[in-house]
$ cat input-v7.cif   # mmCIF, N, CA and C atoms
data_structure
#
loop_
_atom_site.group_PDB
_atom_site.id
_atom_site.type_symbol
_atom_site.label_atom_id
_atom_site.label_comp_id
_atom_site.auth_asym_id
_atom_site.auth_seq_id
_atom_site.Cartn_x
_atom_site.Cartn_y
_atom_site.Cartn_z
ATOM 1 N N MET Q 1 14.600 15.596 -21.094
ATOM 2 C CA MET Q 1 14.263 16.068 -19.770
ATOM 3 C C MET Q 1 13.710 17.481 -19.785
ATOM 4 N N GLU Q 2 13.903 18.154 -20.877
ATOM 5 C CA GLU Q 2 13.413 19.532 -21.004
ATOM 6 C C GLU Q 2 11.910 19.631 -20.742
ATOM 7 N N GLN Q 3 11.134 18.637 -21.182
ATOM 8 C CA GLN Q 3 9.689 18.700 -21.022
ATOM 9 C C GLN Q 3 9.249 18.610 -19.566
ATOM 10 N N TYR Q 4 10.125 18.201 -18.664
ATOM 11 C CA TYR Q 4 9.761 18.056 -17.258
ATOM 12 C C TYR Q 4 10.199 19.241 -16.399
ATOM 13 N N LYS Q 5 10.792 20.253 -16.984
ATOM 14 C CA LYS Q 5 11.262 21.396 -16.209
ATOM 15 C C LYS Q 5 10.131 22.132 -15.499
ATOM 16 N N HIS Q 6 8.919 22.054 -16.033
ATOM 17 C CA HIS Q 6 7.783 22.751 -15.443
ATOM 18 C C HIS Q 6 7.295 22.076 -14.159
ATOM 19 N N LEU Q 7 7.703 20.837 -13.922
ATOM 20 C CA LEU Q 7 7.266 20.125 -12.731
ATOM 21 C C LEU Q 7 7.942 20.689 -11.494
ATOM 22 N N SER Q 8 7.140 20.845 -10.472
ATOM 23 C CA SER Q 8 7.723 21.257 -9.204
ATOM 24 C C SER Q 8 7.070 20.428 -8.107
ATOM 25 N N PHE Q 9 7.807 20.192 -7.067
ATOM 26 C CA PHE Q 9 7.315 19.440 -5.938
ATOM 27 C C PHE Q 9 7.542 20.286 -4.683
ATOM 28 N N PRO Q 10 6.536 21.106 -4.348
ATOM 29 C CA PRO Q 10 6.697 21.996 -3.196
ATOM 30 C C PRO Q 10 6.896 21.205 -1.907
ATOM 31 N N THR Q 11 7.580 21.811 -0.976
ATOM 32 C CA THR Q 11 7.812 21.163 0.313
ATOM 33 C C THR Q 11 6.971 21.776 1.428
ATOM 34 N N GLU Q 12 6.274 22.861 1.145
ATOM 35 C CA GLU Q 12 5.398 23.463 2.154
ATOM 36 C C GLU Q 12 4.123 22.626 2.250
ATOM 37 N N TYR Q 13 3.761 22.240 3.456
ATOM 38 C CA TYR Q 13 2.611 21.353 3.664
ATOM 39 C C TYR Q 13 1.330 21.932 3.059
ATOM 40 N N GLU Q 14 1.124 23.237 3.204
ATOM 41 C CA GLU Q 14 -0.080 23.874 2.662
ATOM 42 C C GLU Q 14 -0.157 23.710 1.143
ATOM 43 N N LYS Q 15 0.981 23.817 0.472
ATOM 44 C CA LYS Q 15 1.024 23.653 -0.989
ATOM 45 C C LYS Q 15 0.734 22.203 -1.380
ATOM 46 N N ILE Q 16 1.196 21.276 -0.577
ATOM 47 C CA ILE Q 16 0.937 19.856 -0.843
ATOM 48 C C ILE Q 16 -0.560 19.577 -0.703
ATOM 49 N N ILE Q 17 -1.176 20.121 0.334
ATOM 50 C CA ILE Q 17 -2.617 19.948 0.539
ATOM 51 C C ILE Q 17 -3.401 20.615 -0.586
ATOM 52 N N GLU Q 18 -2.926 21.742 -1.080
ATOM 53 C CA GLU Q 18 -3.566 22.376 -2.246
ATOM 54 C C GLU Q 18 -3.554 21.422 -3.435
ATOM 55 N N ARG Q 19 -2.457 20.718 -3.605
ATOM 56 C CA ARG Q 19 -2.342 19.743 -4.691
ATOM 57 C C ARG Q 19 -3.357 18.616 -4.500
ATOM 58 N N VAL Q 20 -3.515 18.161 -3.268
ATOM 59 C CA VAL Q 20 -4.510 17.123 -2.971
ATOM 60 C C VAL Q 20 -5.910 17.646 -3.291
ATOM 61 N N ASN Q 21 -6.205 18.853 -2.864
ATOM 62 C CA ASN Q 21 -7.527 19.439 -3.092
ATOM 63 C C ASN Q 21 -7.819 19.680 -4.568
ATOM 64 N N ALA Q 22 -6.786 19.805 -5.375
ATOM 65 C CA ALA Q 22 -6.961 20.096 -6.804
ATOM 66 C C ALA Q 22 -7.194 18.845 -7.654
ATOM 67 N N ILE Q 23 -7.171 17.681 -7.058
ATOM 68 C CA ILE Q 23 -7.360 16.445 -7.821
ATOM 69 C C ILE Q 23 -8.742 16.450 -8.473
ATOM 70 N N ASP Q 24 -8.760 16.142 -9.745
ATOM 71 C CA ASP Q 24 -10.013 15.951 -10.478
ATOM 72 C C ASP Q 24 -10.097 14.462 -10.795
ATOM 73 N N PRO Q 25 -10.818 13.694 -9.977
ATOM 74 C CA PRO Q 25 -10.819 12.237 -10.162
ATOM 75 C C PRO Q 25 -11.437 11.783 -11.475
ATOM 76 N N ILE Q 26 -12.321 12.572 -12.032
ATOM 77 C CA ILE Q 26 -12.948 12.204 -13.300
ATOM 78 C C ILE Q 26 -11.932 12.331 -14.432
ATOM 79 N N LYS Q 27 -11.239 13.451 -14.450
ATOM 80 C CA LYS Q 27 -10.207 13.659 -15.469
ATOM 81 C C LYS Q 27 -9.062 12.664 -15.267
ATOM 82 N N TYR Q 28 -8.730 12.379 -14.009
ATOM 83 C CA TYR Q 28 -7.684 11.402 -13.697
ATOM 84 C C TYR Q 28 -8.029 10.052 -14.318
ATOM 85 N N ALA Q 29 -9.244 9.582 -14.095
ATOM 86 C CA ALA Q 29 -9.660 8.271 -14.607
ATOM 87 C C ALA Q 29 -9.609 8.222 -16.127
ATOM 88 N N ARG Q 30 -9.956 9.308 -16.758
ATOM 89 C CA ARG Q 30 -10.048 9.339 -18.215
ATOM 90 C C ARG Q 30 -8.691 9.490 -18.895
ATOM 91 N N THR Q 31 -7.743 10.162 -18.243
ATOM 92 C CA THR Q 31 -6.509 10.534 -18.951
ATOM 93 C C THR Q 31 -5.214 10.088 -18.285
ATOM 94 N N ARG Q 32 -5.263 9.384 -17.180
ATOM 95 C CA ARG Q 32 -4.054 9.109 -16.398
ATOM 96 C C ARG Q 32 -2.975 8.331 -17.150
ATOM 97 N N ASN Q 33 -3.352 7.558 -18.143
ATOM 98 C CA ASN Q 33 -2.375 6.754 -18.870
ATOM 99 C C ASN Q 33 -1.791 7.443 -20.093
ATOM 100 N N PHE Q 34 -2.128 8.702 -20.301
ATOM 101 C CA PHE Q 34 -1.607 9.450 -21.439
ATOM 102 C C PHE Q 34 -0.431 10.309 -20.994
ATOM 103 N N ILE Q 35 0.472 10.576 -21.903
ATOM 104 C CA ILE Q 35 1.674 11.332 -21.569
ATOM 105 C C ILE Q 35 1.347 12.708 -20.987
ATOM 106 N N ASN Q 36 0.258 13.310 -21.434
ATOM 107 C CA ASN Q 36 -0.135 14.618 -20.908
ATOM 108 C C ASN Q 36 -1.401 14.501 -20.063
ATOM 109 N N GLY Q 37 -1.621 13.318 -19.502
ATOM 110 C CA GLY Q 37 -2.821 13.060 -18.715
ATOM 111 C C GLY Q 37 -2.805 13.731 -17.357
ATOM 112 N N GLN Q 38 -3.955 13.711 -16.758
ATOM 113 C CA GLN Q 38 -4.139 14.284 -15.422
ATOM 114 C C GLN Q 38 -3.638 13.272 -14.398
ATOM 115 N N ILE Q 39 -2.498 13.544 -13.800
ATOM 116 C CA ILE Q 39 -2.003 12.704 -12.718
ATOM 117 C C ILE Q 39 -1.835 13.580 -11.486
ATOM 118 N N THR Q 40 -1.648 12.968 -10.332
ATOM 119 C CA THR Q 40 -1.691 13.733 -9.083
ATOM 120 C C THR Q 40 -0.340 14.323 -8.666
ATOM 121 N N TYR Q 41 0.757 13.728 -9.067
ATOM 122 C CA TYR Q 41 2.093 14.133 -8.625
ATOM 123 C C TYR Q 41 2.226 14.065 -7.095
ATOM 124 N N LEU Q 42 1.510 13.148 -6.477
ATOM 125 C CA LEU Q 42 1.559 13.008 -5.022
ATOM 126 C C LEU Q 42 2.483 11.892 -4.550
ATOM 127 N N SER Q 43 2.990 11.100 -5.467
ATOM 128 C CA SER Q 43 3.788 9.935 -5.099
ATOM 129 C C SER Q 43 4.933 10.243 -4.132
ATOM 130 N N PRO Q 44 5.737 11.286 -4.371
ATOM 131 C CA PRO Q 44 6.845 11.515 -3.429
ATOM 132 C C PRO Q 44 6.373 11.826 -2.010
ATOM 133 N N TYR Q 45 5.224 12.452 -1.903
ATOM 134 C CA TYR Q 45 4.695 12.816 -0.579
ATOM 135 C C TYR Q 45 4.106 11.608 0.134
ATOM 136 N N ILE Q 46 3.432 10.744 -0.627
ATOM 137 C CA ILE Q 46 2.864 9.529 -0.032
ATOM 138 C C ILE Q 46 3.982 8.566 0.344
ATOM 139 N N THR Q 47 4.943 8.384 -0.549
ATOM 140 C CA THR Q 47 6.046 7.452 -0.312
ATOM 141 C C THR Q 47 6.837 7.817 0.936
ATOM 142 N N ARG Q 48 7.014 9.095 1.169
ATOM 143 C CA ARG Q 48 7.823 9.549 2.301
ATOM 144 C C ARG Q 48 7.007 9.853 3.555
ATOM 145 N N GLY Q 49 5.694 9.587 3.486
ATOM 146 C CA GLY Q 49 4.851 9.734 4.668
ATOM 147 C C GLY Q 49 4.420 11.154 4.992
ATOM 148 N N VAL Q 50 4.602 12.071 4.076
ATOM 149 C CA VAL Q 50 4.170 13.454 4.315
ATOM 150 C C VAL Q 50 2.645 13.509 4.344
ATOM 151 N N ILE Q 51 2.014 12.770 3.432
ATOM 152 C CA ILE Q 51 0.562 12.586 3.429
ATOM 153 C C ILE Q 51 0.296 11.105 3.255
ATOM 154 N N SER Q 52 -0.931 10.696 3.549
ATOM 155 C CA SER Q 52 -1.269 9.276 3.434
ATOM 156 C C SER Q 52 -2.296 9.057 2.328
ATOM 157 N N THR Q 53 -2.392 7.811 1.894
ATOM 158 C CA THR Q 53 -3.409 7.478 0.898
ATOM 159 C C THR Q 53 -4.804 7.712 1.481
ATOM 160 N N LYS Q 54 -4.963 7.474 2.768
ATOM 161 C CA LYS Q 54 -6.261 7.717 3.415
ATOM 162 C C LYS Q 54 -6.610 9.194 3.383
ATOM 163 N N GLN Q 55 -5.645 10.036 3.626
ATOM 164 C CA GLN Q 55 -5.869 11.481 3.562
ATOM 165 C C GLN Q 55 -6.356 11.890 2.171
ATOM 166 N N VAL Q 56 -5.708 11.371 1.149
ATOM 167 C CA VAL Q 56 -6.085 11.691 -0.230
ATOM 168 C C VAL Q 56 -7.495 11.172 -0.506
ATOM 169 N N MET Q 57 -7.765 9.938 -0.116
ATOM 170 C CA MET Q 57 -9.088 9.367 -0.337
ATOM 171 C C MET Q 57 -10.169 10.168 0.394
ATOM 172 N N ASP Q 58 -9.900 10.540 1.631
ATOM 173 C CA ASP Q 58 -10.882 11.313 2.400
ATOM 174 C C ASP Q 58 -11.207 12.644 1.715
ATOM 175 N N LYS Q 59 -10.191 13.310 1.183
ATOM 176 C CA LYS Q 59 -10.414 14.582 0.479
ATOM 177 C C LYS Q 59 -11.274 14.377 -0.762
ATOM 178 N N ILE Q 60 -11.026 13.288 -1.480
ATOM 179 C CA ILE Q 60 -11.821 12.998 -2.674
ATOM 180 C C ILE Q 60 -13.263 12.686 -2.279
ATOM 181 N N LEU Q 61 -13.445 11.875 -1.234
ATOM 182 C CA LEU Q 61 -14.785 11.518 -0.784
ATOM 183 C C LEU Q 61 -15.560 12.730 -0.269
ATOM 184 N N GLU Q 62 -14.869 13.687 0.330
ATOM 185 C CA GLU Q 62 -15.514 14.916 0.820
ATOM 186 C C GLU Q 62 -16.251 15.660 -0.285
ATOM 187 N N LYS Q 63 -15.755 15.530 -1.501
ATOM 188 C CA LYS Q 63 -16.344 16.259 -2.627
ATOM 189 C C LYS Q 63 -17.635 15.623 -3.127
ATOM 190 N N GLN Q 64 -17.965 14.455 -2.596
ATOM 191 C CA GLN Q 64 -19.217 13.748 -2.860
ATOM 192 C C GLN Q 64 -19.483 13.465 -4.345
ATOM 193 N N TYR Q 65 -18.448 13.046 -5.038
ATOM 194 C CA TYR Q 65 -18.632 12.563 -6.402
ATOM 195 C C TYR Q 65 -19.379 11.234 -6.330
ATOM 196 N N PRO Q 66 -20.139 10.878 -7.359
ATOM 197 C CA PRO Q 66 -20.716 9.529 -7.376
ATOM 198 C C PRO Q 66 -19.580 8.505 -7.459
ATOM 199 N N TYR Q 67 -19.748 7.365 -6.786
ATOM 200 C CA TYR Q 67 -18.657 6.396 -6.719
ATOM 201 C C TYR Q 67 -18.111 5.991 -8.082
ATOM 202 N N PRO Q 68 -18.945 5.710 -9.093
ATOM 203 C CA PRO Q 68 -18.360 5.310 -10.380
ATOM 204 C C PRO Q 68 -17.395 6.359 -10.947
ATOM 205 N N ALA Q 69 -17.595 7.612 -10.613
ATOM 206 C CA ALA Q 69 -16.724 8.679 -11.125
ATOM 207 C C ALA Q 69 -15.359 8.678 -10.453
ATOM 208 N N ILE Q 70 -15.281 8.152 -9.237
ATOM 209 C CA ILE Q 70 -14.010 8.182 -8.498
ATOM 210 C C ILE Q 70 -13.400 6.793 -8.312
ATOM 211 N N GLU Q 71 -14.049 5.800 -8.891
ATOM 212 C CA GLU Q 71 -13.613 4.417 -8.686
ATOM 213 C C GLU Q 71 -12.145 4.198 -9.050
ATOM 214 N N LYS Q 72 -11.682 4.730 -10.171
ATOM 215 C CA LYS Q 72 -10.315 4.467 -10.625
ATOM 216 C C LYS Q 72 -9.286 5.023 -9.641
ATOM 217 N N ILE Q 73 -9.456 6.247 -9.194
ATOM 218 C CA ILE Q 73 -8.452 6.806 -8.278
ATOM 219 C C ILE Q 73 -8.499 6.095 -6.921
ATOM 220 N N ILE Q 74 -9.677 5.696 -6.477
ATOM 221 C CA ILE Q 74 -9.787 4.936 -5.225
ATOM 222 C C ILE Q 74 -9.085 3.584 -5.383
ATOM 223 N N GLN Q 75 -9.267 2.932 -6.529
ATOM 224 C CA GLN Q 75 -8.575 1.663 -6.787
ATOM 225 C C GLN Q 75 -7.056 1.847 -6.741
ATOM 226 N N GLU Q 76 -6.577 2.903 -7.367
ATOM 227 C CA GLU Q 76 -5.137 3.147 -7.403
ATOM 228 C C GLU Q 76 -4.582 3.411 -6.002
ATOM 229 N N LEU Q 77 -5.318 4.158 -5.208
ATOM 230 C CA LEU Q 77 -4.891 4.406 -3.828
ATOM 231 C C LEU Q 77 -4.898 3.105 -3.024
ATOM 232 N N ALA Q 78 -5.914 2.273 -3.241
ATOM 233 C CA ALA Q 78 -6.004 0.991 -2.530
ATOM 234 C C ALA Q 78 -4.846 0.073 -2.908
ATOM 235 N N TRP Q 79 -4.512 0.004 -4.201
ATOM 236 C CA TRP Q 79 -3.380 -0.826 -4.627
ATOM 237 C C TRP Q 79 -2.083 -0.325 -4.015
ATOM 238 N N ARG Q 80 -1.947 0.976 -4.001
ATOM 239 C CA ARG Q 80 -0.733 1.556 -3.419
ATOM 240 C C ARG Q 80 -0.610 1.149 -1.946
ATOM 241 N N GLU Q 81 -1.709 1.234 -1.218
ATOM 242 C CA GLU Q 81 -1.719 0.865 0.198
ATOM 243 C C GLU Q 81 -1.458 -0.635 0.373
ATOM 244 N N PHE Q 82 -2.064 -1.448 -0.478
ATOM 245 C CA PHE Q 82 -1.865 -2.892 -0.417
ATOM 246 C C PHE Q 82 -0.390 -3.246 -0.577
ATOM 247 N N PHE Q 83 0.237 -2.687 -1.606
ATOM 248 C CA PHE Q 83 1.632 -3.030 -1.856
ATOM 249 C C PHE Q 83 2.555 -2.485 -0.772
ATOM 250 N N LYS Q 84 2.218 -1.359 -0.195
ATOM 251 C CA LYS Q 84 3.008 -0.838 0.923
ATOM 252 C C LYS Q 84 2.938 -1.815 2.098
ATOM 253 N N GLU Q 85 1.724 -2.259 2.431
ATOM 254 C CA GLU Q 85 1.554 -3.197 3.536
ATOM 255 C C GLU Q 85 2.167 -4.558 3.226
ATOM 256 N N PHE Q 86 2.012 -5.018 2.007
ATOM 257 C CA PHE Q 86 2.603 -6.293 1.603
ATOM 258 C C PHE Q 86 4.117 -6.234 1.775
ATOM 259 N N GLY Q 87 4.707 -5.161 1.322
ATOM 260 C CA GLY Q 87 6.148 -4.992 1.463
ATOM 261 C C GLY Q 87 6.586 -4.961 2.910
ATOM 262 N N ASN Q 88 5.797 -4.312 3.739
ATOM 263 C CA ASN Q 88 6.126 -4.249 5.166
ATOM 264 C C ASN Q 88 6.008 -5.623 5.828
ATOM 265 N N GLN Q 89 4.958 -6.371 5.488
ATOM 266 C CA GLN Q 89 4.729 -7.673 6.101
ATOM 267 C C GLN Q 89 5.738 -8.718 5.649
ATOM 268 N N LYS Q 90 6.084 -8.697 4.412
ATOM 269 C CA LYS Q 90 6.968 -9.713 3.853
ATOM 270 C C LYS Q 90 8.429 -9.274 3.845
ATOM 271 N N ASP Q 91 8.688 -8.076 4.341
ATOM 272 C CA ASP Q 91 10.041 -7.517 4.312
ATOM 273 C C ASP Q 91 10.626 -7.579 2.905
ATOM 274 N N CYS Q 92 9.767 -7.238 1.942
ATOM 275 C CA CYS Q 92 10.185 -7.261 0.538
ATOM 276 C C CYS Q 92 11.007 -6.040 0.207
ATOM 277 N N LYS Q 93 11.854 -6.178 -0.754
ATOM 278 C CA LYS Q 93 12.640 -5.065 -1.245
ATOM 279 C C LYS Q 93 12.278 -4.847 -2.707
ATOM 280 N N PHE Q 94 11.432 -3.856 -2.961
ATOM 281 C CA PHE Q 94 10.977 -3.581 -4.317
ATOM 282 C C PHE Q 94 11.920 -2.648 -5.051
ATOM 283 N N GLY Q 95 12.883 -2.102 -4.399
ATOM 284 C CA GLY Q 95 13.765 -1.146 -5.059
ATOM 285 C C GLY Q 95 13.094 0.203 -5.209
ATOM 286 N N MET Q 96 13.310 0.830 -6.311
ATOM 287 C CA MET Q 96 12.802 2.182 -6.532
ATOM 288 C C MET Q 96 11.445 2.123 -7.235
ATOM 289 N N ILE Q 97 10.402 1.769 -6.554
ATOM 290 C CA ILE Q 97 9.054 1.738 -7.141
ATOM 291 C C ILE Q 97 8.399 3.054 -6.848
#
$ encode --input "input-v7.cif" --output "structure tokens"
Amino acid sequence: MEQYKHLSFPTEYEKIIERVNAIDPIKYARTRNFINGQITYLSPYITRGVISTKQVMDKILEKQYPYPAIEKIIQELAWREFFKEFGNQKDCKFGMI
């Protein structure tokens, strides 16, 4: 657990939005599956409704990257939204996902 001590999850909304604005979708697509890859660390905020997947997507789209460069992060946001809605519609209990 020592390697995770550097992680912080700010609770100030402005700091969370800074994290959203700092997303590099190109680096995310290339390295997200590596232990030291570029990931967003936004899951706790999205899961608890502090920010939405649409908000994150809109911020990424504002930067006007070509679609192939942002396709992976958009796909991941879409899957996240799909499973959230699926769980709500089917009253599924996924546990700690």
$ atom_distance --input "input-v7.cif" --atom1 "atom N of Ile70 of chain Q" --atom2 "atom CA of Asn33 of chain Q"
16.2 Å
$ closest_residue --input "input-v7.cif" --among "Q:Val20, Q:Ala78, Q:Lys72, Q:Gly37" --to "Val56 of chain Q" --atoms "all atoms listed in the file"
Q:Val20
$ select_by_dssp --input "input-v7.cif" --residues "chain Q" --states "helix (DSSP H, G or I)" --output "PyMOL selection string"
chain Q and resi 2-4+13-21+25-31+43-47+53-62+67-90
$ atom_distance --input "input-v7.cif" --atom1 "atom CA of Pro25 of chain Q" --atom2 "atom CA of Ile73 of chain Q"
6.2 Å
$ residues_near_point --input "input-v7.cif" --point "(-13.1, 22.7, -3.5)" --cutoff "8 Å" --atoms "only C-alpha atoms" --output "PyMOL selection string"
chain Q and resi 21-22+63
$ closest_residue --input "input-v7.cif" --among "Q:Ile26, Q:Leu7, Q:Ile16, Q:Ile60" --to "Tyr45 of chain Q" --atoms "only N, CA and C atoms"
Q:Ile16
$ closest_residue --input "input-v7.cif" --among "Q:Ser8, Q:Thr31, Q:Asn36, Q:Gln75" --to "Thr53 of chain Q" --atoms "only C-alpha atoms"
Q:Gln75
$ resolve_selection --input "input-v7.cif" --expression "the PyMOL selection byres (((chain Q and resi 50 and name CA) around 12) and name CA)" --output "PDB file with N, CA and C atoms, in the frame of the given file"
ATOM      1  N   PRO Q  10       6.536  21.106  -4.348  1.00  0.00           N
ATOM      2  CA  PRO Q  10       6.697  21.996  -3.196  1.00  0.00           C
ATOM      3  C   PRO Q  10       6.896  21.205  -1.907  1.00  0.00           C
ATOM      4  N   THR Q  11       7.580  21.811  -0.976  1.00  0.00           N
ATOM      5  CA  THR Q  11       7.812  21.163   0.313  1.00  0.00           C
ATOM      6  C   THR Q  11       6.971  21.776   1.428  1.00  0.00           C
ATOM      7  N   GLU Q  12       6.274  22.861   1.145  1.00  0.00           N
ATOM      8  CA  GLU Q  12       5.398  23.463   2.154  1.00  0.00           C
ATOM      9  C   GLU Q  12       4.123  22.626   2.250  1.00  0.00           C
ATOM     10  N   TYR Q  13       3.761  22.240   3.456  1.00  0.00           N
ATOM     11  CA  TYR Q  13       2.611  21.353   3.664  1.00  0.00           C
ATOM     12  C   TYR Q  13       1.330  21.932   3.059  1.00  0.00           C
ATOM     13  N   GLU Q  14       1.124  23.237   3.204  1.00  0.00           N
ATOM     14  CA  GLU Q  14      -0.080  23.874   2.662  1.00  0.00           C
ATOM     15  C   GLU Q  14      -0.157  23.710   1.143  1.00  0.00           C
ATOM     16  N   LYS Q  15       0.981  23.817   0.472  1.00  0.00           N
ATOM     17  CA  LYS Q  15       1.024  23.653  -0.989  1.00  0.00           C
ATOM     18  C   LYS Q  15       0.734  22.203  -1.380  1.00  0.00           C
ATOM     19  N   ILE Q  16       1.196  21.276  -0.577  1.00  0.00           N
ATOM     20  CA  ILE Q  16       0.937  19.856  -0.843  1.00  0.00           C
ATOM     21  C   ILE Q  16      -0.560  19.577  -0.703  1.00  0.00           C
ATOM     22  N   ILE Q  17      -1.176  20.121   0.334  1.00  0.00           N
ATOM     23  CA  ILE Q  17      -2.617  19.948   0.539  1.00  0.00           C
ATOM     24  C   ILE Q  17      -3.401  20.615  -0.586  1.00  0.00           C
ATOM     25  N   VAL Q  20      -3.515  18.161  -3.268  1.00  0.00           N
ATOM     26  CA  VAL Q  20      -4.510  17.123  -2.971  1.00  0.00           C
ATOM     27  C   VAL Q  20      -5.910  17.646  -3.291  1.00  0.00           C
ATOM     28  N   LEU Q  42       1.510  13.148  -6.477  1.00  0.00           N
ATOM     29  CA  LEU Q  42       1.559  13.008  -5.022  1.00  0.00           C
ATOM     30  C   LEU Q  42       2.483  11.892  -4.550  1.00  0.00           C
ATOM     31  N   SER Q  43       2.990  11.100  -5.467  1.00  0.00           N
ATOM     32  CA  SER Q  43       3.788   9.935  -5.099  1.00  0.00           C
ATOM     33  C   SER Q  43       4.933  10.243  -4.132  1.00  0.00           C
ATOM     34  N   PRO Q  44       5.737  11.286  -4.371  1.00  0.00           N
ATOM     35  CA  PRO Q  44       6.845  11.515  -3.429  1.00  0.00           C
ATOM     36  C   PRO Q  44       6.373  11.826  -2.010  1.00  0.00           C
ATOM     37  N   TYR Q  45       5.224  12.452  -1.903  1.00  0.00           N
ATOM     38  CA  TYR Q  45       4.695  12.816  -0.579  1.00  0.00           C
ATOM     39  C   TYR Q  45       4.106  11.608   0.134  1.00  0.00           C
ATOM     40  N   ILE Q  46       3.432  10.744  -0.627  1.00  0.00           N
ATOM     41  CA  ILE Q  46       2.864   9.529  -0.032  1.00  0.00           C
ATOM     42  C   ILE Q  46       3.982   8.566   0.344  1.00  0.00           C
ATOM     43  N   THR Q  47       4.943   8.384  -0.549  1.00  0.00           N
ATOM     44  CA  THR Q  47       6.046   7.452  -0.312  1.00  0.00           C
ATOM     45  C   THR Q  47       6.837   7.817   0.936  1.00  0.00           C
ATOM     46  N   ARG Q  48       7.014   9.095   1.169  1.00  0.00           N
ATOM     47  CA  ARG Q  48       7.823   9.549   2.301  1.00  0.00           C
ATOM     48  C   ARG Q  48       7.007   9.853   3.555  1.00  0.00           C
ATOM     49  N   GLY Q  49       5.694   9.587   3.486  1.00  0.00           N
ATOM     50  CA  GLY Q  49       4.851   9.734   4.668  1.00  0.00           C
ATOM     51  C   GLY Q  49       4.420  11.154   4.992  1.00  0.00           C
ATOM     52  N   ILE Q  51       2.014  12.770   3.432  1.00  0.00           N
ATOM     53  CA  ILE Q  51       0.562  12.586   3.429  1.00  0.00           C
ATOM     54  C   ILE Q  51       0.296  11.105   3.255  1.00  0.00           C
ATOM     55  N   SER Q  52      -0.931  10.696   3.549  1.00  0.00           N
ATOM     56  CA  SER Q  52      -1.269   9.276   3.434  1.00  0.00           C
ATOM     57  C   SER Q  52      -2.296   9.057   2.328  1.00  0.00           C
ATOM     58  N   THR Q  53      -2.392   7.811   1.894  1.00  0.00           N
ATOM     59  CA  THR Q  53      -3.409   7.478   0.898  1.00  0.00           C
ATOM     60  C   THR Q  53      -4.804   7.712   1.481  1.00  0.00           C
ATOM     61  N   LYS Q  54      -4.963   7.474   2.768  1.00  0.00           N
ATOM     62  CA  LYS Q  54      -6.261   7.717   3.415  1.00  0.00           C
ATOM     63  C   LYS Q  54      -6.610   9.194   3.383  1.00  0.00           C
ATOM     64  N   GLN Q  55      -5.645  10.036   3.626  1.00  0.00           N
ATOM     65  CA  GLN Q  55      -5.869  11.481   3.562  1.00  0.00           C
ATOM     66  C   GLN Q  55      -6.356  11.890   2.171  1.00  0.00           C
ATOM     67  N   VAL Q  56      -5.708  11.371   1.149  1.00  0.00           N
ATOM     68  CA  VAL Q  56      -6.085  11.691  -0.230  1.00  0.00           C
ATOM     69  C   VAL Q  56      -7.495  11.172  -0.506  1.00  0.00           C
TER      70      VAL Q  56
END
$ closest_residue --input "input-v7.cif" --among "Q:Asp58, Q:Glu85, Q:Asp24, Q:Tyr41" --to "Phe9 of chain Q" --atoms "all atoms listed in the file"
Q:Tyr41
$ atom_distance --input "input-v7.cif" --atom1 "atom C of Lys59 of chain Q" --atom2 "atom N of Ile35 of chain Q"
24.5 Å
$ build_atoms --input "input-v7.cif" --residues "segment 52-60 of chain Q" --atoms "N, CA, C and O atoms" --output "PDB file, in the frame of the given file"
ATOM      1  N   SER Q  52      -0.931  10.696   3.549  1.00  0.00           N
ATOM      2  CA  SER Q  52      -1.269   9.276   3.434  1.00  0.00           C
ATOM      3  C   SER Q  52      -2.296   9.057   2.328  1.00  0.00           C
ATOM      4  O   SER Q  52      -2.990   9.987   1.905  1.00  0.00           O
ATOM      5  N   THR Q  53      -2.392   7.811   1.894  1.00  0.00           N
ATOM      6  CA  THR Q  53      -3.409   7.478   0.898  1.00  0.00           C
ATOM      7  C   THR Q  53      -4.804   7.712   1.481  1.00  0.00           C
ATOM      8  O   THR Q  53      -5.707   8.139   0.770  1.00  0.00           O
ATOM      9  N   LYS Q  54      -4.963   7.474   2.768  1.00  0.00           N
ATOM     10  CA  LYS Q  54      -6.261   7.717   3.415  1.00  0.00           C
ATOM     11  C   LYS Q  54      -6.610   9.194   3.383  1.00  0.00           C
ATOM     12  O   LYS Q  54      -7.761   9.558   3.131  1.00  0.00           O
ATOM     13  N   GLN Q  55      -5.645  10.036   3.626  1.00  0.00           N
ATOM     14  CA  GLN Q  55      -5.869  11.481   3.562  1.00  0.00           C
ATOM     15  C   GLN Q  55      -6.356  11.890   2.171  1.00  0.00           C
ATOM     16  O   GLN Q  55      -7.297  12.669   2.043  1.00  0.00           O
ATOM     17  N   VAL Q  56      -5.708  11.371   1.149  1.00  0.00           N
ATOM     18  CA  VAL Q  56      -6.085  11.691  -0.230  1.00  0.00           C
ATOM     19  C   VAL Q  56      -7.495  11.172  -0.506  1.00  0.00           C
ATOM     20  O   VAL Q  56      -8.342  11.904  -1.044  1.00  0.00           O
ATOM     21  N   MET Q  57      -7.765   9.938  -0.116  1.00  0.00           N
ATOM     22  CA  MET Q  57      -9.088   9.367  -0.337  1.00  0.00           C
ATOM     23  C   MET Q  57     -10.169  10.168   0.394  1.00  0.00           C
ATOM     24  O   MET Q  57     -11.222  10.464  -0.170  1.00  0.00           O
ATOM     25  N   ASP Q  58      -9.900  10.540   1.631  1.00  0.00           N
ATOM     26  CA  ASP Q  58     -10.882  11.313   2.400  1.00  0.00           C
ATOM     27  C   ASP Q  58     -11.207  12.644   1.715  1.00  0.00           C
ATOM     28  O   ASP Q  58     -12.365  13.056   1.670  1.00  0.00           O
ATOM     29  N   LYS Q  59     -10.191  13.310   1.183  1.00  0.00           N
ATOM     30  CA  LYS Q  59     -10.414  14.582   0.479  1.00  0.00           C
ATOM     31  C   LYS Q  59     -11.274  14.377  -0.762  1.00  0.00           C
ATOM     32  O   LYS Q  59     -12.142  15.193  -1.067  1.00  0.00           O
ATOM     33  N   ILE Q  60     -11.026  13.288  -1.480  1.00  0.00           N
ATOM     34  CA  ILE Q  60     -11.821  12.998  -2.674  1.00  0.00           C
ATOM     35  C   ILE Q  60     -13.263  12.686  -2.279  1.00  0.00           C
ATOM     36  O   ILE Q  60     -14.206  13.186  -2.888  1.00  0.00           O
TER      37      ILE Q  60
END
